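Trainee: Below is the file work.tsv, with TSV, C-alpha atoms and all ligand atoms.
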```tsv
chain	number	residue	atom	x	y	z
A	1	MET	CA	-40.07	-10.55	-17.53
A	2	ILE	CA	-39.65	-11.31	-13.83
A	3	ALA	CA	-36.09	-12.43	-14.49
A	4	ARG	CA	-35.26	-9.21	-16.34
A	5	LEU	CA	-36.67	-7.15	-13.50
A	6	TRP	CA	-34.62	-9.20	-11.07
A	7	PHE	CA	-31.39	-8.56	-13.02
A	8	PHE	CA	-32.16	-4.87	-13.11
A	9	VAL	CA	-32.59	-4.72	-9.30
A	10	ALA	CA	-29.42	-6.76	-8.75
A	11	GLY	CA	-27.50	-4.43	-11.05
A	12	VAL	CA	-28.66	-1.39	-9.12
A	13	LEU	CA	-27.58	-2.96	-5.82
A	14	VAL	CA	-24.12	-3.87	-7.15
A	15	GLY	CA	-23.68	-0.36	-8.50
A	16	ALA	CA	-24.63	1.18	-5.15
A	17	ALA	CA	-22.16	-1.09	-3.33
A	18	ALA	CA	-19.37	-0.12	-5.71
A	19	VAL	CA	-20.07	3.58	-5.22
A	20	THR	CA	-20.04	3.14	-1.44
A	21	PHE	CA	-16.76	1.23	-1.65
A	22	PHE	CA	-15.02	3.90	-3.68
A	23	VAL	CA	-16.34	6.69	-1.49
A	24	MET	CA	-15.02	4.90	1.59
A	25	ARG	CA	-11.68	4.31	-0.07
A	26	TYR	CA	-11.52	7.95	-0.96
A	27	TYR	CA	-12.03	9.01	2.64
A	28	ASP	CA	-9.62	6.38	3.85
A	29	VAL	CA	-6.93	7.87	1.63
A	30	ARG	CA	-7.77	11.38	2.71
A	31	LEU	CA	-7.56	10.41	6.38
A	32	VAL	CA	-3.98	9.21	6.09
A	33	PRO	CA	-1.89	11.72	8.01
A	34	THR	CA	0.59	13.74	6.08
A	35	ARG	CA	4.25	13.24	6.83
A	36	PRO	CA	5.32	15.17	9.86
A	37	VAL	CA	7.46	18.23	9.72
A	38	PRO	CA	10.36	17.74	12.11
A	39	VAL	CA	9.76	19.27	15.51
A	40	VAL	CA	12.96	19.64	17.44
A	41	ALA	CA	14.68	22.38	19.33
A	42	THR	CA	17.72	22.22	17.08
A	43	ALA	CA	16.46	22.97	13.61
A	44	PRO	CA	18.48	21.57	10.73
A	45	THR	CA	20.70	24.03	8.94
A	46	THR	CA	18.46	23.77	5.93
A	47	SER	CA	14.89	23.22	6.95
A	48	PRO	CA	13.29	20.10	5.52
A	49	PRO	CA	10.47	21.03	3.21
A	50	SER	CA	7.00	20.00	4.28
A	51	SER	CA	6.83	17.76	1.22
A	52	ILE	CA	9.67	15.59	2.37
A	53	VAL	CA	10.05	12.42	0.40
A	54	ALA	CA	11.71	10.12	2.84
A	55	PRO	CA	12.33	10.38	6.58
A	56	PRO	CA	11.31	11.23	9.19
A	57	ARG	CA	10.07	7.75	8.73
A	58	THR	CA	6.78	6.80	10.26
A	59	PRO	CA	7.23	3.45	11.84
A	60	SER	CA	4.38	1.15	12.61
A	61	ALA	CA	2.25	1.93	15.59
A	62	THR	CA	1.59	-1.70	16.30
A	63	PRO	CA	4.11	-4.22	15.09
A	64	PRO	CA	3.41	-7.76	16.10
A	65	PRO	CA	4.24	-8.14	19.79
A	66	SER	CA	7.31	-10.16	20.47
A	67	ALA	CA	6.76	-13.30	22.46
A	68	PRO	CA	7.54	-12.83	26.17
A	69	ASN	CA	9.57	-16.01	26.08
A	70	PRO	CA	11.78	-17.11	23.23
A	71	ALA	CA	9.63	-18.94	20.76
A	72	PRO	CA	10.48	-22.62	20.36
A	73	ALA	CA	12.42	-23.37	17.24
A	74	PRO	CA	10.25	-24.81	14.48
A	75	ALA	CA	10.66	-28.52	13.93
A	76	THR	CA	11.73	-28.01	10.37
A	77	PRO	CA	13.68	-24.83	9.76
A	78	VAL	CA	11.95	-22.64	7.23
A	79	PRO	CA	14.32	-21.84	4.38
A	80	PRO	CA	14.88	-18.13	3.87
A	81	PRO	CA	12.66	-16.67	1.19
A	82	ALA	CA	14.31	-16.08	-2.12
A	83	THR	CA	15.59	-12.55	-1.94
A	84	SER	CA	17.94	-10.62	-4.06
A	85	VAL	CA	20.02	-7.68	-3.00
A	86	PRO	CA	18.36	-4.59	-4.43
A	87	ALA	CA	20.15	-2.68	-7.14
A	88	GLY	CA	22.22	0.18	-5.82
A	89	ALA	CA	22.43	-1.32	-2.35
A	90	PRO	CA	25.52	-0.88	-0.20
A	91	ALA	CA	28.16	-3.26	-1.43
A	92	SER	CA	29.98	-3.93	1.81
A	93	ALA	CA	28.39	-6.35	4.25
A	94	LEU	CA	26.39	-4.73	6.99
A	95	LEU	CA	26.49	-5.66	10.63
A	96	MET	CA	23.28	-6.72	12.38
A	97	PRO	CA	22.21	-3.52	14.18
A	98	VAL	CA	20.69	-5.24	17.21
A	99	GLN	CA	22.81	-7.28	19.58
A	100	GLY	CA	21.74	-10.90	19.92
A	101	VAL	CA	19.50	-11.05	16.86
A	102	GLN	CA	20.27	-13.71	14.28
A	103	PRO	CA	19.70	-13.01	10.58
A	104	SER	CA	17.38	-16.01	10.43
A	105	GLU	CA	15.04	-14.33	12.93
A	106	LEU	CA	14.35	-11.36	10.68
A	107	VAL	CA	10.97	-10.88	9.07
A	108	ASP	CA	10.72	-8.84	5.90
A	109	THR	CA	8.38	-5.96	6.78
A	110	PHE	CA	9.59	-3.60	4.03
A	111	ASN	CA	6.51	-3.81	1.82
A	112	GLN	CA	3.92	-3.96	4.58
A	113	THR	CA	1.38	-1.16	4.65
A	114	ARG	CA	1.24	1.14	7.60
A	115	GLY	CA	-1.57	3.53	8.46
A	116	GLY	CA	-3.78	2.46	5.58
A	117	THR	CA	-1.93	3.11	2.36
A	118	ARG	CA	1.64	4.03	3.25
A	119	ILE	CA	4.40	1.49	2.63
A	120	HIS	CA	6.63	0.75	5.62
A	121	GLU	CA	9.91	0.87	3.63
A	122	ALA	CA	11.90	-0.30	6.64
A	123	LEU	CA	12.63	-3.34	8.74
A	124	ASP	CA	11.21	-3.83	12.23
A	125	ILE	CA	13.65	-5.86	14.31
A	126	MET	CA	11.93	-7.14	17.44
A	127	ALA	CA	14.11	-7.23	20.55
A	128	PRO	CA	13.79	-6.69	24.29
A	129	ARG	CA	13.87	-3.12	25.56
A	130	GLY	CA	17.37	-2.02	26.43
A	131	ARG	CA	19.13	-4.32	23.96
A	132	GLU	CA	22.21	-2.66	22.44
A	133	VAL	CA	21.85	-1.04	19.01
A	134	VAL	CA	25.10	-0.75	17.06
A	135	ALA	CA	26.19	0.95	13.84
A	136	VAL	CA	25.78	-1.30	10.80
A	137	SER	CA	28.83	0.24	9.15
A	138	ASP	CA	31.47	2.89	9.59
A	139	GLY	CA	30.23	6.39	9.04
A	140	LYS	CA	29.12	9.53	10.72
A	141	VAL	CA	26.18	10.62	12.87
A	142	VAL	CA	24.52	13.37	10.85
A	143	LYS	CA	21.37	13.86	12.89
A	144	LEU	CA	19.94	12.96	16.27
A	145	PHE	CA	16.28	13.59	15.96
A	146	ASN	CA	13.28	13.19	18.26
A	147	SER	CA	10.20	12.81	16.09
A	148	LYS	CA	6.60	12.16	17.02
A	149	GLN	CA	6.49	8.88	15.14
A	150	GLY	CA	10.08	7.67	15.16
A	151	GLY	CA	10.82	8.73	18.72
A	152	LEU	CA	14.53	8.93	19.44
A	153	THR	CA	16.28	8.40	16.12
A	154	VAL	CA	19.78	8.35	14.66
A	155	TYR	CA	20.62	9.22	11.06
A	156	GLN	CA	24.00	7.90	9.99
A	157	PHE	CA	25.75	8.42	6.66
A	158	ASP	CA	28.14	5.77	5.37
A	159	PRO	CA	31.71	6.97	4.66
A	160	SER	CA	30.96	7.53	0.96
A	161	GLU	CA	27.88	9.56	1.92
A	162	ARG	CA	25.95	7.60	-0.62
A	163	TYR	CA	23.68	5.87	1.92
A	164	ALA	CA	21.94	6.87	5.09
A	165	TYR	CA	21.07	4.44	7.87
A	166	TYR	CA	18.13	5.26	10.09
A	167	TYR	CA	17.55	3.82	13.54
A	168	ALA	CA	14.26	4.65	15.29
A	169	HIS	CA	12.23	4.07	18.50
A	170	LEU	CA	15.41	4.05	20.59
A	171	ASP	CA	14.89	3.91	24.34
A	172	ARG	CA	17.90	6.19	24.78
A	173	TYR	CA	21.12	7.14	23.04
A	174	ALA	CA	24.53	5.76	23.89
A	175	ALA	CA	26.49	8.02	26.22
A	176	GLY	CA	28.55	10.52	24.27
A	177	LEU	CA	26.68	10.13	21.00
A	178	THR	CA	26.61	13.51	19.24
A	179	GLU	CA	25.90	14.84	15.78
A	180	GLY	CA	29.07	14.80	13.70
A	181	LYS	CA	30.56	11.90	15.64
A	182	THR	CA	32.51	9.42	13.55
A	183	LEU	CA	31.24	5.89	14.01
A	184	LYS	CA	32.98	2.58	13.69
A	185	ARG	CA	31.06	-0.45	12.49
A	186	GLY	CA	29.68	-2.14	15.60
A	187	GLU	CA	29.92	0.95	17.78
A	188	LEU	CA	27.13	1.35	20.35
A	189	ILE	CA	24.69	4.08	19.36
A	190	GLY	CA	21.70	3.40	21.61
A	191	TYR	CA	19.24	0.94	23.06
A	192	VAL	CA	16.09	-0.72	21.73
A	193	GLY	CA	12.89	0.90	22.93
A	194	SER	CA	9.43	2.01	21.88
A	195	THR	CA	9.70	5.80	21.74
A	196	GLY	CA	7.54	7.54	19.18
A	197	ASN	CA	4.51	5.63	18.00
A	198	ALA	CA	5.79	2.11	18.68
A	199	ASN	CA	3.67	-0.23	20.76
A	200	PRO	CA	5.16	-0.13	24.30
A	201	ASP	CA	4.48	-3.86	24.55
A	202	ALA	CA	6.54	-4.56	21.44
A	203	PRO	CA	9.84	-2.70	21.62
A	204	HIS	CA	11.81	-2.97	18.40
A	205	LEU	CA	14.34	-1.24	16.21
A	206	HIS	CA	12.84	0.36	13.12
A	207	PHE	CA	15.78	0.27	10.71
A	208	ALA	CA	15.82	1.85	7.27
A	209	ILE	CA	18.36	2.40	4.51
A	210	PHE	CA	18.05	5.04	1.86
A	211	GLU	CA	20.21	6.15	-0.99
A	212	LEU	CA	20.93	9.83	-0.67
A	213	GLY	CA	20.31	12.34	-3.42
A	214	PRO	CA	22.97	14.74	-4.68
A	215	GLU	CA	22.11	17.24	-1.95
A	216	LYS	CA	22.94	14.68	0.77
A	217	ARG	CA	19.95	15.58	2.88
A	218	TRP	CA	19.50	13.36	5.90
A	219	TRP	CA	15.71	13.42	5.58
A	220	GLU	CA	15.54	12.58	1.87
A	221	GLY	CA	16.42	9.57	-0.24
A	222	ARG	CA	15.41	6.45	-2.10
A	223	PRO	CA	14.42	3.62	0.25
A	224	ILE	CA	16.33	0.35	-0.03
A	225	ASN	CA	15.05	-2.85	1.58
A	226	PRO	CA	17.46	-3.77	4.40
A	227	TYR	CA	16.13	-7.32	4.61
A	228	PRO	CA	18.23	-9.03	1.90
A	229	LEU	CA	21.28	-7.16	3.16
A	230	LEU	CA	20.79	-8.14	6.79
A	231	ARG	CA	19.91	-11.74	5.99
A	232	GLY	CA	23.58	-12.12	5.21
A	233	ALA	CA	24.82	-9.77	7.91
A	234	ALA	CA	27.50	-10.54	10.41
A	235	VAL	CA	26.35	-10.58	14.01
A	236	PRO	CA	27.98	-8.21	16.53
A	237	ASN	CA	30.12	-9.82	19.21
A	301	ZN	ZN	8.85	0.14	11.57
```
Could you render the structure from this file as structure tokens?
Mentor:
Amino acid sequence: MIARLWFFVAGVLVGAAAVTFFVMRYYDVRLVPTRPVPVVATAPTTSPPSSIVAPPRTPSATPPPSAPNPAPAPATPVPPPATSVPAGAPASALLMPVQGVQPSELVDTFNQTRGGTRIHEALDIMAPRGREVVAVSDGKVVKLFNSKQGGLTVYQFDPSERYAYYYAHLDRYAAGLTEGKTLKRGELIGYVGSTGNANPDAPHLHFAIFELGPEKRWWEGRPINPYPLLRGAAVPN
């Protein structure tokens, strides 16, 4: 009898804990901020809807801080994780977008969560502030955008206008960079920084690739993980 009473009490306690857990999860989800509506002086020709699917991306507020001094190389090099190039990814090899970064230094942050439940869907490339950021491929600057979360950003379309490349948290743009400018692979577009919601102590390039829809909207597309593509990237001179 005592044992049955005990199981009953334990069951009630477990039930209460589960209810509390789901209530907290519910509020956690509700507290996730909605995607921002672009706020810039120069409005796009067609205004992005408030229910935008892709960018403006919302990079991490606090990526892991980069070590002040170069980290010593591990005694035994860690083999790169098994990765496959995602279906529909750009076929031509991309250039590493940050000067001086080796493909082996990259960490796959594509599937990390940011701000509770949102998926990062981009690559954070840690680098010192002021390091040159270059175009990963030929293409065209379609949008220079200053967003609350991404800071100073560049949206580039590849020549086929099938893919968009997104560079965020820039410290500043390269001199002479304008919307509509044709870019050559490796051309300077800006400098690594922490504008937007990046941790000032951990400047980095937030880099994303997305496959554009038929409307070719710079703020809308299907995210593609840049990591497998940049693991095999050439390094800028
Ligand atoms: Zn990021």
Trainee: Write out as a list of chain:residue names which residues come within 6 Å of stretch 129-145 of chain A when counting all atoms listed in the file, dropping same-chain ones fewer than 6 positions away.
Mentor: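 Result of the neighbour search: A:Leu94, A:Leu95, A:Pro97, A:Val98, A:Gln99, A:Thr153, A:Val154, A:Tyr155, A:Gln156, A:Phe157, A:Asp158, A:Pro159, A:Glu179, A:Gly180, A:Lys181, A:Thr182, A:Leu183, A:Lys184, A:Arg185, A:Gly186, A:Glu187, A:Leu188, A:Ile189, A:Gly190, A:Tyr191, A:Val192, A:Gly193, A:Pro203.
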Trainee: Between atom CA of A:Pro228 and atom CA of A:Gly196, what is the distance, to one decimal in Å?
Mentor: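 These atoms are spaced 26.2 Å apart.
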Trainee: Please measure the separation of atom CA of A:Ala233 and atom CA of A:Asp201, giving the value in Å to one decimal.
Mentor: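 Separation of atom CA of A:Ala233 and atom CA of A:Asp201: 26.9 Å.
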Trainee: Rank A:Ser92, A:Thr178, A:Gln102, A:Gln112 by their smallest atom-to-atom distance to ligand ZN 301 (chain A), using all atoms listed in the file, and report the top residue only.
Mentor: A:Gln112
Trainee: State, in Å with one decimal place, the distance from atom CA of A:Leu170 to atom CA of A:Ala93.
Mentor: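 Between these atoms lies a distance of 23.3 Å.
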Trainee: Stretch 122-126 of chain A: which residues within 6 Å, counting all atoms listed in the file, same-chain residues fewer than 4 positions away excluded, as a list of chain:residue names?
Mentor: A:Thr109, A:Phe110, A:His204, A:Leu205, A:His206, A:Phe207, A:Ala208
Trainee: Rank nothing, just name the residue among A:Ser160, A:Thr117, A:Asn111, A:Asn146 nearest to ligand ZN 301 (chain A), using all atoms listed in the file.
Mentor: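 The shortest atom-to-atom distance to ligand ZN 301 (chain A) comes from A:Asn111.
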